[in-house]
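Student: This is the content of input.txt (compact mmCIF, C-alpha atoms):
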# COMPACT_ATOMS: atom_id res chain seq x y z
CA MET Y 1 45.02 12.36 -37.77
CA THR Y 2 44.34 14.51 -34.74
CA ALA Y 3 42.36 13.28 -31.77
CA ALA Y 4 39.30 15.26 -30.75
CA THR Y 5 39.97 17.46 -27.75
CA VAL Y 6 37.52 17.67 -24.88
CA THR Y 7 37.48 20.72 -22.65
CA PRO Y 8 38.18 19.65 -19.04
CA GLY Y 9 35.16 19.96 -16.77
CA LYS Y 10 32.63 19.76 -19.61
CA SER Y 11 30.76 16.58 -20.38
CA VAL Y 12 29.87 15.60 -23.93
CA ARG Y 13 26.09 15.64 -24.39
CA LYS Y 14 24.75 13.00 -26.72
CA LYS Y 15 21.88 13.85 -28.99
CA TRP Y 16 18.62 12.08 -28.27
CA SER Y 17 17.50 9.52 -30.79
CA ALA Y 18 14.03 9.63 -32.28
CA SER Y 19 12.90 6.71 -30.13
CA GLN Y 20 14.13 8.39 -26.94
CA THR Y 21 12.29 11.59 -27.85
CA VAL Y 22 9.06 9.73 -28.55
CA LEU Y 23 9.27 7.68 -25.33
CA THR Y 24 10.03 10.79 -23.27
CA ALA Y 25 7.08 12.66 -24.79
CA LEU Y 26 4.83 9.65 -24.18
CA GLY Y 27 6.00 9.39 -20.58
CA ALA Y 28 5.36 13.10 -20.02
CA LEU Y 29 1.86 12.75 -21.49
CA LEU Y 30 1.02 9.76 -19.29
CA SER Y 31 2.39 11.59 -16.25
CA ALA Y 32 0.13 14.54 -17.01
CA VAL Y 33 -2.88 12.23 -17.35
CA TRP Y 34 -2.15 10.57 -14.01
CA MET Y 35 -1.44 13.88 -12.25
CA ALA Y 36 -4.58 15.61 -13.53
CA PRO Y 37 -7.01 14.05 -10.97
CA LEU Y 38 -4.64 14.84 -8.11
CA LEU Y 39 -4.28 18.46 -9.21
CA TRP Y 40 -8.05 18.75 -9.69
CA THR Y 41 -8.58 17.44 -6.16
CA LEU Y 42 -6.08 19.92 -4.73
CA PHE Y 43 -7.52 22.92 -6.58
CA THR Y 44 -11.09 21.96 -5.67
CA SER Y 45 -10.16 21.72 -1.98
CA LEU Y 46 -8.91 25.30 -2.17
CA LYS Y 47 -12.23 26.62 -3.51
CA SER Y 48 -15.30 27.71 -1.60
CA GLU Y 49 -18.23 25.29 -1.56
CA ALA Y 50 -20.21 27.53 -3.90
CA GLU Y 51 -17.35 27.79 -6.35
CA SER Y 52 -16.67 24.03 -6.27
CA VAL Y 53 -20.08 23.32 -7.86
CA ALA Y 54 -20.24 26.41 -10.08
CA ILE Y 55 -21.01 26.06 -13.80
CA PRO Y 56 -19.01 26.45 -16.01
CA VAL Y 57 -16.28 24.44 -14.33
CA HIS Y 58 -12.84 25.98 -14.04
CA TRP Y 59 -9.58 24.52 -12.76
CA LEU Y 60 -8.02 27.27 -10.68
CA PRO Y 61 -9.94 28.86 -7.81
CA ARG Y 62 -10.97 32.47 -8.31
CA ASP Y 63 -10.86 33.00 -4.55
CA TRP Y 64 -8.24 30.85 -2.85
CA THR Y 65 -9.37 29.67 0.58
CA LEU Y 66 -8.47 27.04 3.19
CA GLN Y 67 -11.97 26.92 4.64
CA ALA Y 68 -12.61 23.34 3.50
CA TRP Y 69 -9.41 22.19 5.22
CA ARG Y 70 -10.38 24.03 8.41
CA ASN Y 71 -13.83 22.43 8.38
CA VAL Y 72 -12.36 18.92 8.09
CA PHE Y 73 -9.98 19.44 11.00
CA GLU Y 74 -12.65 21.11 13.15
CA ALA Y 75 -15.33 18.49 12.48
CA GLY Y 76 -13.12 15.42 12.84
CA ASN Y 77 -10.41 14.07 15.12
CA ILE Y 78 -7.76 13.84 12.41
CA PRO Y 79 -4.69 13.19 14.66
CA THR Y 80 -6.42 10.29 16.46
CA TRP Y 81 -7.65 8.74 13.22
CA PHE Y 82 -4.19 9.07 11.71
CA VAL Y 83 -2.58 7.29 14.68
CA ASN Y 84 -5.23 4.55 14.54
CA SER Y 85 -4.60 3.96 10.84
CA LEU Y 86 -0.85 3.92 11.41
CA VAL Y 87 -1.07 1.43 14.28
CA VAL Y 88 -3.43 -0.89 12.41
CA SER Y 89 -1.51 -0.74 9.10
CA VAL Y 90 1.91 -1.28 10.68
CA CYS Y 91 0.70 -4.20 12.81
CA VAL Y 92 -1.06 -5.83 9.86
CA THR Y 93 2.06 -5.40 7.71
CA VAL Y 94 4.38 -6.94 10.31
CA ILE Y 95 2.08 -9.91 10.95
CA VAL Y 96 1.47 -10.53 7.24
CA LEU Y 97 5.21 -10.44 6.51
CA LEU Y 98 5.94 -12.92 9.29
CA VAL Y 99 3.09 -15.30 8.44
CA SER Y 100 3.63 -15.11 4.66
CA ALA Y 101 7.39 -15.64 4.89
CA LEU Y 102 7.08 -18.65 7.19
CA ALA Y 103 4.22 -20.22 5.22
CA GLY Y 104 5.79 -19.52 1.83
CA TYR Y 105 9.14 -20.98 2.90
CA GLY Y 106 7.44 -24.00 4.41
CA PHE Y 107 5.61 -24.74 1.17
CA ALA Y 108 8.70 -24.09 -0.96
CA ARG Y 109 11.33 -26.05 0.96
CA THR Y 110 9.74 -28.64 3.27
CA GLU Y 111 7.85 -31.83 2.61
CA PHE Y 112 5.02 -32.87 4.92
CA ARG Y 113 1.84 -34.92 4.74
CA GLY Y 114 -1.03 -32.96 3.23
CA LYS Y 115 1.22 -30.29 1.70
CA ASN Y 116 -0.56 -30.28 -1.66
CA ALA Y 117 -3.99 -30.10 -0.01
CA ALA Y 118 -2.88 -27.22 2.20
CA LEU Y 119 -1.41 -25.39 -0.79
CA VAL Y 120 -4.65 -25.84 -2.72
CA LEU Y 121 -6.56 -24.48 0.28
CA VAL Y 122 -4.33 -21.40 0.35
CA MET Y 123 -4.76 -20.90 -3.40
CA ALA Y 124 -8.53 -21.19 -2.98
CA GLY Y 125 -8.35 -18.13 -0.75
CA LEU Y 126 -7.37 -16.12 -3.83
CA MET Y 127 -10.80 -16.80 -5.32
CA VAL Y 128 -12.84 -15.65 -2.31
CA SER Y 129 -13.79 -11.99 -2.09
CA PRO Y 130 -13.13 -10.42 1.35
CA ALA Y 131 -16.63 -8.90 1.27
CA ILE Y 132 -18.17 -12.40 1.33
CA LEU Y 133 -16.35 -13.18 4.58
CA GLY Y 134 -17.58 -10.02 6.31
CA VAL Y 135 -20.52 -11.56 8.19
CA PRO Y 136 -18.79 -14.74 9.46
CA LEU Y 137 -15.69 -12.76 10.41
CA PHE Y 138 -17.78 -10.24 12.33
CA SER Y 139 -19.61 -13.05 14.17
CA THR Y 140 -16.25 -14.56 15.13
CA VAL Y 141 -14.79 -11.26 16.27
CA GLN Y 142 -17.93 -10.46 18.24
CA SER Y 143 -17.91 -13.85 19.99
CA LEU Y 144 -14.27 -13.22 20.99
CA GLY Y 145 -15.15 -9.83 22.45
CA MET Y 146 -12.87 -7.94 20.05
CA VAL Y 147 -15.41 -5.47 18.65
CA ASP Y 148 -14.18 -1.88 19.05
CA THR Y 149 -10.60 -3.02 19.66
CA TYR Y 150 -7.39 -2.75 17.69
CA TRP Y 151 -7.07 -6.53 17.49
CA GLY Y 152 -10.54 -6.77 16.04
CA MET Y 153 -9.42 -4.56 13.16
CA ILE Y 154 -5.97 -6.13 12.78
CA LEU Y 155 -6.29 -9.92 12.98
CA PRO Y 156 -8.97 -10.48 10.26
CA GLN Y 157 -6.73 -8.65 7.79
CA CYS Y 158 -3.84 -11.05 8.42
CA ALA Y 159 -4.92 -13.97 6.21
CA PRO Y 160 -2.69 -13.18 3.22
CA ALA Y 161 -3.29 -15.93 0.65
CA ALA Y 162 -1.92 -13.79 -2.19
CA MET Y 163 1.17 -12.78 -0.22
CA VAL Y 164 1.88 -16.40 0.75
CA TYR Y 165 1.73 -17.37 -2.92
CA ILE Y 166 4.04 -14.51 -3.97
CA LEU Y 167 6.71 -15.42 -1.42
CA TYR Y 168 6.24 -19.14 -2.11
CA LYS Y 169 7.09 -18.59 -5.79
CA PHE Y 170 10.01 -16.32 -4.88
CA PHE Y 171 11.51 -18.82 -2.42
CA GLN Y 172 11.34 -21.48 -5.10
CA SER Y 173 13.61 -19.33 -7.28
CA ILE Y 174 16.38 -19.21 -4.65
CA PRO Y 175 19.08 -21.82 -5.48
CA ARG Y 176 18.92 -24.79 -3.12
CA GLU Y 177 22.72 -25.08 -3.23
CA LEU Y 178 23.03 -22.06 -0.94
CA GLU Y 179 20.92 -23.71 1.74
CA GLU Y 180 22.58 -27.10 1.28
CA ALA Y 181 26.00 -25.54 1.80
CA ALA Y 182 24.78 -23.98 5.06
CA PHE Y 183 23.35 -27.35 6.17
CA ILE Y 184 26.72 -28.99 5.53
CA ASP Y 185 28.37 -26.33 7.73
CA GLY Y 186 26.04 -27.30 10.56
CA ALA Y 187 23.35 -24.61 10.27
CA GLY Y 188 19.80 -25.53 11.14
CA ARG Y 189 16.62 -24.79 9.24
CA TRP Y 190 15.78 -21.67 11.28
CA ARG Y 191 19.29 -20.24 10.96
CA VAL Y 192 19.25 -20.81 7.20
CA PHE Y 193 15.87 -19.11 6.98
CA PHE Y 194 16.87 -16.00 8.95
CA THR Y 195 20.49 -15.60 7.79
CA ILE Y 196 20.32 -16.71 4.14
CA VAL Y 197 16.78 -16.83 2.79
CA LEU Y 198 15.38 -13.61 4.27
CA PRO Y 199 18.35 -11.39 3.28
CA LEU Y 200 18.06 -12.70 -0.29
CA SER Y 201 14.32 -11.99 -0.25
CA LYS Y 202 14.46 -8.26 0.49
CA PRO Y 203 12.90 -7.23 -2.88
CA ALA Y 204 9.96 -9.60 -2.46
CA LEU Y 205 9.52 -8.77 1.23
CA SER Y 206 9.60 -5.04 0.44
CA ALA Y 207 6.93 -5.41 -2.23
CA VAL Y 208 4.70 -7.52 0.01
CA GLY Y 209 5.14 -5.12 2.93
CA ILE Y 210 4.42 -1.98 0.91
CA PHE Y 211 1.37 -3.44 -0.85
CA THR Y 212 0.02 -4.79 2.45
CA PHE Y 213 0.46 -1.41 4.15
CA ILE Y 214 -1.33 0.39 1.32
CA ALA Y 215 -4.19 -2.12 1.27
CA SER Y 216 -4.62 -1.93 5.04
CA TRP Y 217 -4.50 1.87 5.06
CA ASN Y 218 -7.17 2.05 2.34
CA ASN Y 219 -9.37 -0.63 3.91
CA PHE Y 220 -12.75 0.94 4.59
CA LEU Y 221 -15.27 -1.91 4.88
CA TRP Y 222 -13.83 -4.03 7.69
CA PRO Y 223 -12.93 -1.20 10.15
CA TYR Y 224 -16.36 0.28 9.41
CA MET Y 225 -18.05 -3.03 10.34
CA VAL Y 226 -16.10 -3.73 13.52
CA THR Y 227 -15.73 -0.20 14.95
CA THR Y 228 -18.36 2.13 16.35
CA ASP Y 229 -16.16 4.09 18.75
CA PRO Y 230 -15.14 7.42 17.09
CA ASP Y 231 -11.82 7.31 18.95
CA LEU Y 232 -10.91 4.00 17.25
CA MET Y 233 -11.84 4.93 13.69
CA THR Y 234 -9.23 4.86 10.95
CA MET Y 235 -8.70 7.67 8.45
CA PRO Y 236 -11.08 6.39 5.71
CA ASN Y 237 -13.87 5.77 8.24
CA GLY Y 238 -13.31 9.04 10.09
CA ILE Y 239 -13.30 11.10 6.91
CA ALA Y 240 -16.49 9.32 5.80
CA THR Y 241 -18.29 10.28 9.02
CA VAL Y 242 -17.32 13.90 8.49
CA MET Y 243 -18.70 13.78 4.96
CA ASN Y 244 -21.95 12.16 6.11
CA SER Y 245 -22.55 14.70 8.86
CA TYR Y 246 -22.20 17.61 6.46
CA GLY Y 247 -23.67 16.03 3.36
CA ILE Y 248 -21.78 16.13 0.07
CA GLN Y 249 -19.63 19.23 0.16
CA TRP Y 250 -17.16 18.82 -2.63
CA ALA Y 251 -14.40 21.11 -1.43
CA GLN Y 252 -14.45 19.47 1.98
CA LEU Y 253 -14.64 16.01 0.41
CA MET Y 254 -11.54 16.72 -1.68
CA ALA Y 255 -9.64 18.06 1.34
CA GLY Y 256 -10.51 14.93 3.34
CA GLY Y 257 -9.44 12.69 0.48
CA LEU Y 258 -6.08 14.43 0.26
CA ILE Y 259 -5.52 14.10 4.00
CA ALA Y 260 -6.32 10.38 3.89
CA GLY Y 261 -4.18 9.75 0.80
CA LEU Y 262 -1.15 11.88 1.68
CA PRO Y 263 0.67 9.10 3.65
CA LEU Y 264 0.36 6.76 0.68
CA VAL Y 265 1.89 9.38 -1.62
CA ILE Y 266 4.76 9.77 0.85
CA VAL Y 267 5.24 5.98 0.98
CA PHE Y 268 5.40 5.80 -2.80
CA VAL Y 269 7.81 8.74 -3.11
CA PHE Y 270 10.29 7.30 -0.60
CA PHE Y 271 9.90 3.61 -1.52
CA GLN Y 272 9.31 3.74 -5.27
CA ARG Y 273 12.61 1.95 -5.95
CA GLN Y 274 11.60 -0.92 -3.66
CA ILE Y 275 8.16 -1.07 -5.27
CA VAL Y 276 9.58 -1.30 -8.79
CA SER Y 277 12.25 -3.80 -7.70
CA GLY Y 278 9.69 -5.91 -5.89
CA VAL Y 279 7.34 -6.01 -8.88
CA ALA Y 280 10.24 -7.00 -11.14
CA HIS Y 281 11.45 -9.80 -8.84
CA THR Y 282 8.12 -11.29 -7.78
CA GLY Y 283 6.29 -11.29 -11.09
CA LEU Y 284 3.49 -9.05 -9.85
CA ALA Y 285 3.47 -7.19 -13.15
CA GLY Y 286 1.86 -10.16 -14.85
CA GLN Y 287 -0.87 -10.71 -12.27
Will you turn the file into C-alpha cells for me?
Tutor:
Amino acid sequence: MTAATVTPGKSVRKKWSASQTVLTALGALLSAVWMAPLLWTLFTSLKSEAESVAIPVHWLPRDWTLQAWRNVFEAGNIPTWFVNSLVVSVCVTVIVLLVSALAGYGFARTEFRGKNAALVLVMAGLMVSPAILGVPLFSTVQSLGMVDTYWGMILPQCAPAAMVYILYKFFQSIPRELEEAAFIDGAGRWRVFFTIVLPLSKPALSAVGIFTFIASWNNFLWPYMVTTDPDLMTMPNGIATVMNSYGIQWAQLMAGGLIAGLPLVIVFVFFQRQIVSGVAHTGLAGQ
C-alpha cells in the first residue's frame, strides 16, 4: 500500500462542502445588500446636481464630476469641524471608559449601603430617552456658563448607564480567585483593579470605547442645542448648516454624508476584530 505523495511547496486544497458554498453565497449577497447604499451615495456625489435628480434613475454618472465635493469644502469649514468632532468624541470616550469601569467594578465587587438602590437608579437610566433630558440639561449647562464650549458638548454625554451595566456584568464574570490571590500577596483594591481587572477586560473596554466613540461622533441633537458658534460645530452639525444654506442638493448632500461618515468607516476597518470580540464577550449581541 503506497502512501500518497505531496509535491513540496504545494498545499492540498480541500473541496468546499455544500453548506460552505451556501453560507459563502449568502454572505456575499448580504455584503452586496449592505454595500449598495454606500455605493449609491458615492456615485451620486460624483454626479452633477441636475443628473442626481434625473428620471429615469441610473447608478453610474454619465458625466463624472467633483463639483459637489468642491462645494462642500468651499461652503463649510470642514477641517475645523473635523477637529471639533475628534476632540469631543475622544474626550467623551475617555471619560465614559473611566467612569464606567470604576462604577461597574464598584457595583460588581464592593458592598456598600444603598448599593441595590444605586444600581436600580443606574438601570433606570436605560429607560430614559436622551431627547427627554435635552431641556433640563441645556438649562444646567447654560447656568454653568458652558454654552458654546467644548465642556458643554462633552460632559452631558458622559452619563453612560448602558456602558456601566455592560462592564458591571463583565466584571462579575471575572473569577474572584484571581483578586483574592492578589489580596493575599498584599495588593490593594486599586492595584488589583489596574493590574488584574483592567488587563482582563480589554475586549469589553474595547467594545465600550468603540461604541461610545461612534455614538458621540454621530450625535447631532445635543451639539446642535448647545452650540451656535460655527467654529465649535461638529461634523454632523456643520454639514447640516451647509445643506440648509443651499437647500436640498442631493449630490452635495451625499458628499457631505460621506465626509462625515468616513472616520467611522476607518474605525470599523481597523478595529473590526475588537468590535466582534467585544460583542462576543459582553453579550451585546443579545441586547
Student: Find the residue from Y:Pro263, Y:Gln249, Y:Leu167, Y:Leu258 that sits nearest to Glu49 (chain Y); use only C-alpha atoms when measuring.
Tutor: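 Of all the options, Y:Gln249 lies closest to Glu49 (chain Y).
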Student: Extract, using all atoms listed in the file, all DNA, RNA and protein residues at most 8 Å from Gly256 (chain Y), discarding same-chain residues fewer than 2 positions from it, and format them as a list in words.
Tutor: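 The neighbour list is Trp69, Val72, Ile239, Gln252, Leu253, Met254, Leu258, Ile259 and Ala260 of chain Y.
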Student: Residues near Leu42 (chain Y), anyone? I mean within 12 Å using all atoms listed in the file, not counting same-chain ones fewer than 3 positions away, as a ChimeraX atom specification.
Tutor: /Y:35-39,45-47,52,59-61,64-66,68-69,250-259,261-262
Student: List the neighbours of Trp222 (chain Y) out to 8 Å using all atoms listed in the file; skip same-chain residues closer than 3 positions along the sequence, and give me the result as a PyMOL selection string.
Tutor: chain Y and resi 134+153+219+225-226
Student: Looking at only C-alpha atoms, which of Y:Leu205, Y:Val197, Y:Ile266, Y:Ala75 is the one that sits closest to Val164 (chain Y)?
Tutor: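 Once distances to Val164 (chain Y) are computed over only C-alpha atoms, the minimum belongs to Y:Leu205.
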Student: If we draw a sphere of 10 Å around (17.2, -20.8, 4.2), which residues have at least one atom in it when counting only C-alpha atoms? Please report them as a PDB file with C-alpha atoms, in the frame of the given file.
Tutor:
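point_27.pdb, written as the output of this step:
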ATOM      1  CA  TYR Y 105       9.140 -20.980   2.900  1.00  0.00           C
ATOM      2  CA  ARG Y 109      11.330 -26.050   0.960  1.00  0.00           C
ATOM      3  CA  PHE Y 171      11.510 -18.820  -2.420  1.00  0.00           C
ATOM      4  CA  ILE Y 174      16.380 -19.210  -4.650  1.00  0.00           C
ATOM      5  CA  PRO Y 175      19.080 -21.820  -5.480  1.00  0.00           C
ATOM      6  CA  ARG Y 176      18.920 -24.790  -3.120  1.00  0.00           C
ATOM      7  CA  LEU Y 178      23.030 -22.060  -0.940  1.00  0.00           C
ATOM      8  CA  GLU Y 179      20.920 -23.710   1.740  1.00  0.00           C
ATOM      9  CA  GLU Y 180      22.580 -27.100   1.280  1.00  0.00           C
ATOM     10  CA  ALA Y 182      24.780 -23.980   5.060  1.00  0.00           C
ATOM     11  CA  PHE Y 183      23.350 -27.350   6.170  1.00  0.00           C
ATOM     12  CA  ALA Y 187      23.350 -24.610  10.270  1.00  0.00           C
ATOM     13  CA  GLY Y 188      19.800 -25.530  11.140  1.00  0.00           C
ATOM     14  CA  ARG Y 189      16.620 -24.790   9.240  1.00  0.00           C
ATOM     15  CA  TRP Y 190      15.780 -21.670  11.280  1.00  0.00           C
ATOM     16  CA  ARG Y 191      19.290 -20.240  10.960  1.00  0.00           C
ATOM     17  CA  VAL Y 192      19.250 -20.810   7.200  1.00  0.00           C
ATOM     18  CA  PHE Y 193      15.870 -19.110   6.980  1.00  0.00           C
ATOM     19  CA  PHE Y 194      16.870 -16.000   8.950  1.00  0.00           C
ATOM     20  CA  THR Y 195      20.490 -15.600   7.790  1.00  0.00           C
ATOM     21  CA  ILE Y 196      20.320 -16.710   4.140  1.00  0.00           C
ATOM     22  CA  VAL Y 197      16.780 -16.830   2.790  1.00  0.00           C
ATOM     23  CA  LEU Y 198      15.380 -13.610   4.270  1.00  0.00           C
ATOM     24  CA  PRO Y 199      18.350 -11.390   3.280  1.00  0.00           C
ATOM     25  CA  LEU Y 200      18.060 -12.700  -0.290  1.00  0.00           C
TER      26      LEU Y 200
END
Student: Report the distance between CA of Pro230 (chain Y) and CA of Phe43 (chain Y) in Å, rounded to one decimal place.
Tutor: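 Between CA of Pro230 (chain Y) and CA of Phe43 (chain Y) the gap works out to 29.3 Å.
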Student: Record the distance separating CA of Val242 (chain Y) and CA of Trp81 (chain Y), expressed in Å with one decimal.
Tutor: 11.9 Å
Student: Could you tell me how far CA of Arg70 (chain Y) sits from CA of Val57 (chain Y), in Å to one decimal place?
Tutor: 23.5 Å
Student: Restricting the calculation to all atoms listed in the file: of Y:Lys15, Y:Asp185, Y:Met163, Y:Ile248, which residue gets closest to Val99 (chain Y)?
Tutor: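 For Val99 (chain Y), the nearest of the candidates is Y:Met163.
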Student: List the spatial neighbours of region 117-122 of chain Y as a list in words - criterion: any atom at most 10 Å away, only C-alpha atoms, same-chain residues fewer than 4 positions off excluded.
Tutor: Ala103, Gly104, Phe107, Arg113, Leu126, Met127, Ala159, Pro160, Ala161, Ala162, Val164, Tyr165 and Tyr168 of chain Y
Student: Using all atoms listed in the file - which residues lie no farther than 9 Å from the point (-4.0, 1.6, 9.4) in the file's frame? Write them as an NGL selection string.
Tutor: :Y and (81-92 or 154 or 213-219 or 234-235)
Student: Could you check the closest approach to Ala204 (chain Y) for each of Y:Leu97, Y:Ile132, Y:Leu102, Y:Leu155 and tell me which residue wins, using only C-alpha atoms?
Tutor: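 Among Y:Leu97, Y:Ile132, Y:Leu102, Y:Leu155, it is Y:Leu97 that comes nearest to Ala204 (chain Y).
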Student: Given the choices Y:Pro56, Y:Thr212, Y:Pro236, Y:Lys115, which gets closest to Gln157 (chain Y) if the distance is worked out from all atoms listed in the file?
Tutor: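 Looking only at the distances to Gln157 (chain Y), the closest residue turns out to be Y:Thr212.
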Student: Which residue, Y:Asp148, Y:Asp63, Y:Glu111, Y:Glu177, has the smallest gap to Asp229 (chain Y) when you use only C-alpha atoms?
Tutor: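 For Asp229 (chain Y), the nearest of the given residues is Y:Asp148.
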Student: Build an axis-aligned box that encloses every atom of region 173-181 of chain Y listed in the file, pad it by 6 Å on each side, and report its centre and edge lengths in Å to one decimal, as AutoDock Vina command-line options.
Tutor:
--center_x 19.8 --center_y -23.2 --center_z -2.7 --size_x 24.4 --size_y 19.9 --size_z 21.1
Student: Might you pull out every residue within 10 Å of Gly152 (chain Y), with only C-alpha atoms counted and same-chain residues fewer than 6 positions away left off, and present them as a PyMOL selection string?
Tutor: chain Y and resi 88+137-138+140-142+144-146+222-223+226-227
